[in-house]
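Shown here: protein-v4.txt, compact mmCIF, C-alpha atoms.
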# COMPACT_ATOMS: atom_id res chain seq x y z
CA MET A 1 84.77 78.18 104.49
CA THR A 2 82.04 76.68 106.66
CA ALA A 3 79.07 78.73 107.86
CA PRO A 4 78.92 79.67 111.57
CA SER A 5 77.05 77.14 113.68
CA VAL A 6 75.67 79.67 116.18
CA VAL A 7 74.36 83.23 116.00
CA SER A 8 76.26 86.11 117.57
CA ALA A 9 75.48 89.48 119.11
CA LEU A 10 77.99 92.34 119.15
CA THR A 11 78.39 94.99 121.83
CA ILE A 12 80.11 98.28 120.97
CA ALA A 13 80.63 100.02 124.28
CA GLY A 14 83.00 100.86 127.10
CA SER A 15 84.84 98.36 129.26
CA ASP A 16 84.09 98.39 133.01
CA SER A 17 87.10 97.14 134.96
CA GLY A 18 84.78 96.53 137.92
CA GLY A 19 82.76 93.98 135.94
CA GLY A 20 79.30 95.33 136.71
CA ALA A 21 78.40 97.34 133.63
CA GLY A 22 79.55 98.05 130.08
CA ILE A 23 81.14 95.37 127.93
CA GLN A 24 81.39 93.00 130.88
CA ALA A 25 77.67 93.17 131.69
CA ASP A 26 76.84 92.87 128.00
CA LEU A 27 78.85 89.67 127.55
CA LYS A 28 77.36 88.16 130.71
CA THR A 29 73.89 88.93 129.36
CA PHE A 30 74.63 87.39 125.98
CA ALA A 31 75.99 84.26 127.67
CA ALA A 32 72.94 83.98 129.93
CA HIS A 33 70.77 84.03 126.80
CA ARG A 34 73.00 81.44 125.07
CA VAL A 35 74.09 83.83 122.33
CA HIS A 36 77.74 84.06 121.33
CA GLY A 37 79.01 87.46 122.50
CA LEU A 38 81.37 89.69 120.53
CA SER A 39 82.82 93.02 121.64
CA ALA A 40 84.38 96.14 120.16
CA ILE A 41 85.74 98.32 122.94
CA ALA A 42 85.01 102.01 122.34
CA ALA A 43 86.44 103.18 125.69
CA LEU A 44 88.50 101.72 128.51
CA THR A 45 87.51 102.77 132.02
CA ALA A 46 89.24 102.34 135.35
CA GLN A 47 86.31 101.99 137.72
CA HIS A 48 84.83 100.15 140.65
CA THR A 49 81.52 100.26 142.51
CA ARG A 50 82.40 103.71 143.93
CA GLY A 51 83.10 105.51 140.66
CA VAL A 52 85.26 106.00 137.58
CA THR A 53 88.90 107.00 138.10
CA ALA A 54 90.16 107.15 134.49
CA VAL A 55 88.96 106.81 130.89
CA ASN A 56 90.98 105.99 127.77
CA VAL A 57 89.55 106.07 124.24
CA PRO A 58 91.31 103.86 121.66
CA THR A 59 92.38 105.20 118.29
CA MET A 60 89.70 105.38 115.66
CA GLU A 61 91.72 103.08 113.40
CA PHE A 62 91.77 100.40 116.09
CA LEU A 63 88.08 100.81 116.84
CA ARG A 64 87.21 100.32 113.16
CA ALA A 65 89.57 97.32 112.98
CA GLN A 66 87.68 95.66 115.86
CA LEU A 67 84.35 96.24 114.13
CA ASP A 68 85.50 94.97 110.74
CA ALA A 69 87.08 91.87 112.31
CA CYS A 70 83.80 90.95 114.00
CA PHE A 71 81.66 91.41 110.91
CA GLU A 72 84.10 89.50 108.67
CA ASP A 73 83.82 86.19 110.56
CA PHE A 74 80.62 85.91 112.60
CA ASP A 75 76.89 85.61 111.97
CA ILE A 76 75.96 88.85 113.77
CA ARG A 77 72.20 89.05 114.21
CA ALA A 78 72.11 92.06 116.56
CA VAL A 79 74.34 94.93 117.66
CA LYS A 80 74.10 96.78 120.96
CA LEU A 81 75.61 100.26 121.32
CA GLY A 82 76.60 101.59 124.73
CA MET A 83 79.09 104.22 125.87
CA LEU A 84 80.35 106.13 122.81
CA ALA A 85 82.19 109.03 124.37
CA THR A 86 82.92 111.43 121.49
CA ALA A 87 81.44 112.61 118.20
CA GLU A 88 84.44 111.04 116.46
CA VAL A 89 83.73 107.63 117.99
CA ILE A 90 80.05 107.91 117.05
CA GLY A 91 81.01 108.77 113.47
CA VAL A 92 83.30 105.73 113.13
CA VAL A 93 80.64 103.42 114.58
CA ALA A 94 77.86 104.86 112.42
CA ASN A 95 79.97 104.48 109.27
CA ALA A 96 80.76 100.86 110.13
CA LEU A 97 77.11 100.05 110.81
CA ARG A 98 76.05 101.58 107.51
CA ALA A 99 78.73 99.52 105.72
CA HIS A 100 77.91 96.19 107.39
CA ALA A 101 74.11 96.68 107.80
CA PRO A 102 73.35 94.37 110.77
CA LYS A 103 69.79 93.11 111.09
CA THR A 104 69.11 94.79 114.46
CA ILE A 105 70.70 97.81 116.16
CA VAL A 106 69.89 98.52 119.81
CA VAL A 107 71.04 101.96 121.01
CA ASP A 108 71.53 102.49 124.74
CA PRO A 109 72.24 106.25 124.80
CA VAL A 110 74.70 106.34 127.69
CA MET A 111 74.80 110.06 128.42
CA VAL A 112 74.29 110.51 132.17
CA ALA A 113 76.29 108.93 135.00
CA THR A 114 74.57 107.48 138.07
CA SER A 115 75.73 110.62 139.90
CA GLY A 116 73.75 112.74 137.41
CA ALA A 117 76.84 114.04 135.62
CA LYS A 118 76.53 114.57 131.87
CA LEU A 119 78.94 112.25 130.04
CA LEU A 120 78.70 113.62 126.50
CA GLU A 121 79.84 116.91 125.04
CA ASP A 122 77.27 118.82 123.00
CA SER A 123 78.92 117.72 119.73
CA ALA A 124 78.61 114.05 120.73
CA LEU A 125 74.97 114.51 121.75
CA HIS A 126 74.25 116.05 118.34
CA ALA A 127 76.05 113.17 116.61
CA LEU A 128 74.01 110.65 118.61
CA ARG A 129 70.76 112.34 117.58
CA THR A 130 71.64 112.72 113.90
CA GLN A 131 73.81 109.67 113.16
CA LEU A 132 72.77 106.87 115.53
CA LEU A 133 69.05 107.34 116.18
CA PRO A 134 68.15 107.06 112.48
CA LEU A 135 69.99 103.71 112.40
CA ALA A 136 68.37 102.38 115.59
CA ASP A 137 65.77 99.64 115.57
CA VAL A 138 65.17 100.56 119.21
CA VAL A 139 66.57 103.19 121.57
CA THR A 140 66.49 102.55 125.34
CA PRO A 141 66.96 105.79 127.32
CA ASN A 142 66.31 106.33 130.99
CA LEU A 143 64.50 109.54 131.91
CA PRO A 144 67.60 111.79 132.37
CA GLU A 145 68.85 110.63 128.97
CA ALA A 146 65.44 111.20 127.39
CA GLU A 147 65.44 114.71 128.85
CA LEU A 148 68.77 115.45 127.15
CA LEU A 149 67.59 114.01 123.84
CA LEU A 150 64.38 116.06 123.91
CA GLY A 151 65.71 119.17 125.64
CA ARG A 152 62.97 119.29 128.29
CA ALA A 153 62.05 117.95 131.70
CA ILE A 154 59.97 114.78 132.15
CA PRO A 155 58.50 115.24 135.63
CA ASP A 156 55.63 112.75 135.73
CA ALA A 157 53.92 109.75 134.11
CA GLN A 158 51.88 111.88 131.69
CA ALA A 159 55.01 113.68 130.49
CA MET A 160 56.74 110.33 130.14
CA ARG A 161 54.08 109.08 127.73
CA ALA A 162 54.41 112.21 125.61
CA ALA A 163 58.20 111.86 125.69
CA ALA A 164 58.10 108.27 124.45
CA ASN A 165 56.18 109.34 121.35
CA ASP A 166 58.39 112.37 120.77
CA LEU A 167 61.52 110.21 121.02
CA LEU A 168 60.08 107.95 118.33
CA ALA A 169 59.83 110.98 116.07
CA LEU A 170 63.62 111.45 116.29
CA GLY A 171 64.13 108.52 113.93
CA ALA A 172 64.41 105.19 115.76
CA ARG A 173 61.90 102.52 114.76
CA ALA A 174 60.98 101.82 118.39
CA VAL A 175 61.58 103.32 121.84
CA PHE A 176 61.79 101.58 125.22
CA LEU A 177 61.68 104.39 127.81
CA LYS A 178 62.70 103.36 131.33
CA GLY A 179 60.75 104.93 134.18
CA GLY A 180 62.87 104.07 137.20
CA HIS A 181 63.84 107.72 137.80
CA LEU A 182 60.28 108.94 138.29
CA PRO A 183 59.76 110.15 141.91
CA ASP A 184 57.17 107.49 142.74
CA ASP A 185 57.07 104.86 145.49
CA GLY A 186 54.86 102.61 143.36
CA ASP A 187 55.82 100.15 140.65
CA VAL A 188 58.46 101.04 138.09
CA VAL A 189 56.69 101.56 134.76
CA ASP A 190 58.54 101.30 131.43
CA LEU A 191 57.03 102.27 128.08
CA TYR A 192 57.47 100.59 124.70
CA VAL A 193 56.32 102.51 121.63
CA ASP A 194 56.53 101.87 117.90
CA ALA A 195 54.42 102.63 114.85
CA ASP A 196 51.68 100.36 116.22
CA GLY A 197 51.27 102.26 119.48
CA LEU A 198 52.34 102.29 123.12
CA THR A 199 52.57 99.48 125.66
CA ALA A 200 53.37 99.81 129.37
CA THR A 201 55.06 97.18 131.52
CA SER A 202 55.67 97.38 135.27
CA HIS A 203 57.65 95.71 138.04
CA PRO A 204 57.77 96.24 141.81
CA ARG A 205 60.26 98.93 142.81
CA LEU A 206 63.26 97.46 144.66
CA SER A 207 64.93 99.43 147.45
CA LEU A 208 68.50 99.20 146.22
CA GLU A 209 71.04 101.10 144.15
CA ALA A 210 72.27 99.05 141.20
CA HIS A 211 74.96 99.23 138.55
CA GLY A 212 74.66 98.04 134.95
CA THR A 213 70.89 97.86 134.53
CA GLY A 214 70.80 99.95 131.34
CA CYS A 215 73.61 97.98 129.72
CA THR A 216 71.94 94.73 130.67
CA LEU A 217 68.52 95.72 129.35
CA ALA A 218 69.85 96.75 125.94
CA SER A 219 71.99 93.61 125.69
CA ALA A 220 69.08 91.37 126.64
CA ILE A 221 67.01 92.99 123.87
CA ALA A 222 69.85 92.38 121.40
CA ALA A 223 70.18 88.75 122.51
CA ARG A 224 66.46 88.09 122.12
CA ARG A 225 66.46 89.74 118.70
CA ALA A 226 69.46 87.63 117.67
CA GLN A 227 67.34 84.59 118.52
CA GLY A 228 64.52 85.84 116.29
CA MET A 229 62.07 87.31 118.81
CA ALA A 230 59.93 90.24 117.65
CA MET A 231 61.06 93.63 118.94
CA LYS A 232 58.17 94.37 121.31
CA GLU A 233 58.34 90.93 122.88
CA ALA A 234 62.15 91.17 123.11
CA CYS A 235 61.91 94.46 125.01
CA LEU A 236 59.30 93.16 127.46
CA ALA A 237 61.29 89.95 128.05
CA ALA A 238 64.46 91.98 128.59
CA SER A 239 62.70 94.10 131.21
CA ASP A 240 61.66 90.91 133.05
CA TYR A 241 65.27 89.65 132.86
CA VAL A 242 66.66 92.83 134.42
CA HIS A 243 64.14 92.69 137.25
CA ALA A 244 65.03 89.06 138.00
CA ALA A 245 68.74 89.86 137.89
CA LEU A 246 68.18 92.77 140.28
CA ARG A 247 66.28 90.59 142.73
CA GLY A 248 69.25 88.23 142.88
CA GLY A 249 71.83 91.03 142.87
CA TYR A 250 74.89 91.06 145.12
CA ARG A 251 77.50 93.52 146.41
CA PRO A 252 81.01 92.56 145.19
CA GLY A 253 82.67 95.85 146.17
CA ARG A 254 83.00 97.94 149.34
CA SER A 255 80.09 100.23 148.49
CA ASP A 256 76.35 99.53 148.69
CA ILE A 257 76.10 99.26 144.88
CA VAL A 258 74.42 96.05 143.72
CA VAL A 259 75.61 94.15 140.63
CA LEU A 260 73.13 92.04 138.71
CA ASP A 261 72.93 88.25 139.00
CA HIS A 262 73.04 87.14 135.36
CA ILE A 263 73.33 83.43 136.12
CA GLY A 264 70.30 83.34 138.39
CA ALA A 265 68.23 85.31 135.90
CA ALA A 266 69.23 83.27 132.87
CA PRO A 267 66.23 82.17 130.77
CA LEU A 268 65.52 78.45 130.73
CA ALA A 269 66.94 76.60 127.72
Full structure transcribed into structure tokens:
Amino acid sequence: MTAPSVVSALTIAGSDSGGGAGIQADLKTFAAHRVHGLSAIAALTAQHTRGVTAVNVPTMEFLRAQLDACFEDFDIRAVKLGMLATAEVIGVVANALRAHAPKTIVVDPVMVATSGAKLLEDSALHALRTQLLPLADVVTPNLPEAELLLGRAIPDAQAMRAAANDLLALGARAVFLKGGHLPDDGDVVDLYVDADGLTATSHPRLSLEAHGTGCTLASAIAARRAQGMAMKEACLAASDYVHAALRGGYRPGRSDIVVLDHIGAAPLA
């Protein structure tokens, strides 16, 4: 058999029938970065820009079959994890990742809906902490997700810096903590931290409500890592990509929710 001619990145997440987040946003991000995109669907959602109307989780046997099929044929340089709805799903994914040992694992801990609703049961949250974070090369929570992981409030910038370091202690090799939820009219500040220390990056706050930013950020990190970029630089470049995609965002549905412009934000070849 011949060796693959291009590198691939794999997303393990939920499908968004509205096309703005989840698997669909991940594959658009991979394509914009000129990385071949693979997917293993961990949940099917019926949703649009106004909300989710139904969720269906595939059988664990089928989920594992998707994962094994991807690893058997492609040169997977990075894996991005998104919506993993149950402890059982997390266990299957963690077992597969331990068996196949991809070079980079990016964990987007999808735990809180835009509405603020908690998406994970306590057993799934425990499984995420104990099974996925120790495998993660980077974890990319927003502030509500970081609060659930740490079990405490993060009310201000000083608390956010402490939280970034405490998240690192949970087992991931790096943390990229997103600061968009801080009640501040100034720039949005995100924090990257690893064993070498903490770095802040900022972008002007945009007055819009968007869908799919967390999925896109984690996928952009995975794509950059698949291309060989160092983790810190990959995270900072991914943050720039999300901001550019937000600036060019558009409203495809009947709500005011903005979907990211992946084509306009695509890095130059």
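Between CA of Leu44 (chain A) and CA of Gly171 (chain A) the interatomic distance comes to 29.2 Å.
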Practice problem: Within 12 Å of Asp73 (chain A), counting only C-alpha atoms, which residues show up once you throw out same-chain ones fewer than 3 positions away? Write them as a list of chain:residue names, please. | Solution: A:Met1, A:Thr2, A:Ala3, A:Pro4, A:Ser5, A:Val6, A:Val7, A:Ser8, A:Leu38, A:Gln66, A:Leu67, A:Asp68, A:Ala69, A:Cys70, A:Ile76
Exercise. Extract, using only C-alpha atoms, all DNA, RNA and protein residues at most 12 Å from Ala21 (chain A), discarding same-chain residues fewer than 2 positions from it, and format them as an MDAnalysis selection string.
Key: chainID A and resid 13:19 23:29 45 47:49 51:52 82:83 110 113:114 210:219 257:262
Exercise. Give as number ranges by chain every residue, naming chains and numbers as the document does, that has an atom within 6 Å of (62.9, 96.8, 119.1), counting all atoms listed in the file.
Key: A: 137-138, 174, 231-232
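CA of Arg225 (chain A) is found 9.0 Å from CA of Lys103 (chain A).
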Exercise. Could you give me, as a PyMOL selection string, the residues that have an atom at most 12 Å away from the point (62.7, 110.6, 137.2) in the coordinates of the file, using only C-alpha atoms?
Key: chain A and resi 116+141-147+153-157+159-160+177-185+188-190
Show me, as a PDB file with C-alpha atoms, in the coordinates of the input, the residues that have an atom within 8 Å of Leu132 (chain A) when counting all atoms listed in the file, minus same-chain residues fewer than 6 positions from it.
ATOM      1  CA  ILE A  90      80.050 107.910 117.050  1.00  0.00           C
ATOM      2  CA  ALA A  94      77.860 104.860 112.420  1.00  0.00           C
ATOM      3  CA  VAL A 107      71.040 101.960 121.010  1.00  0.00           C
TER       4      VAL A 107
END
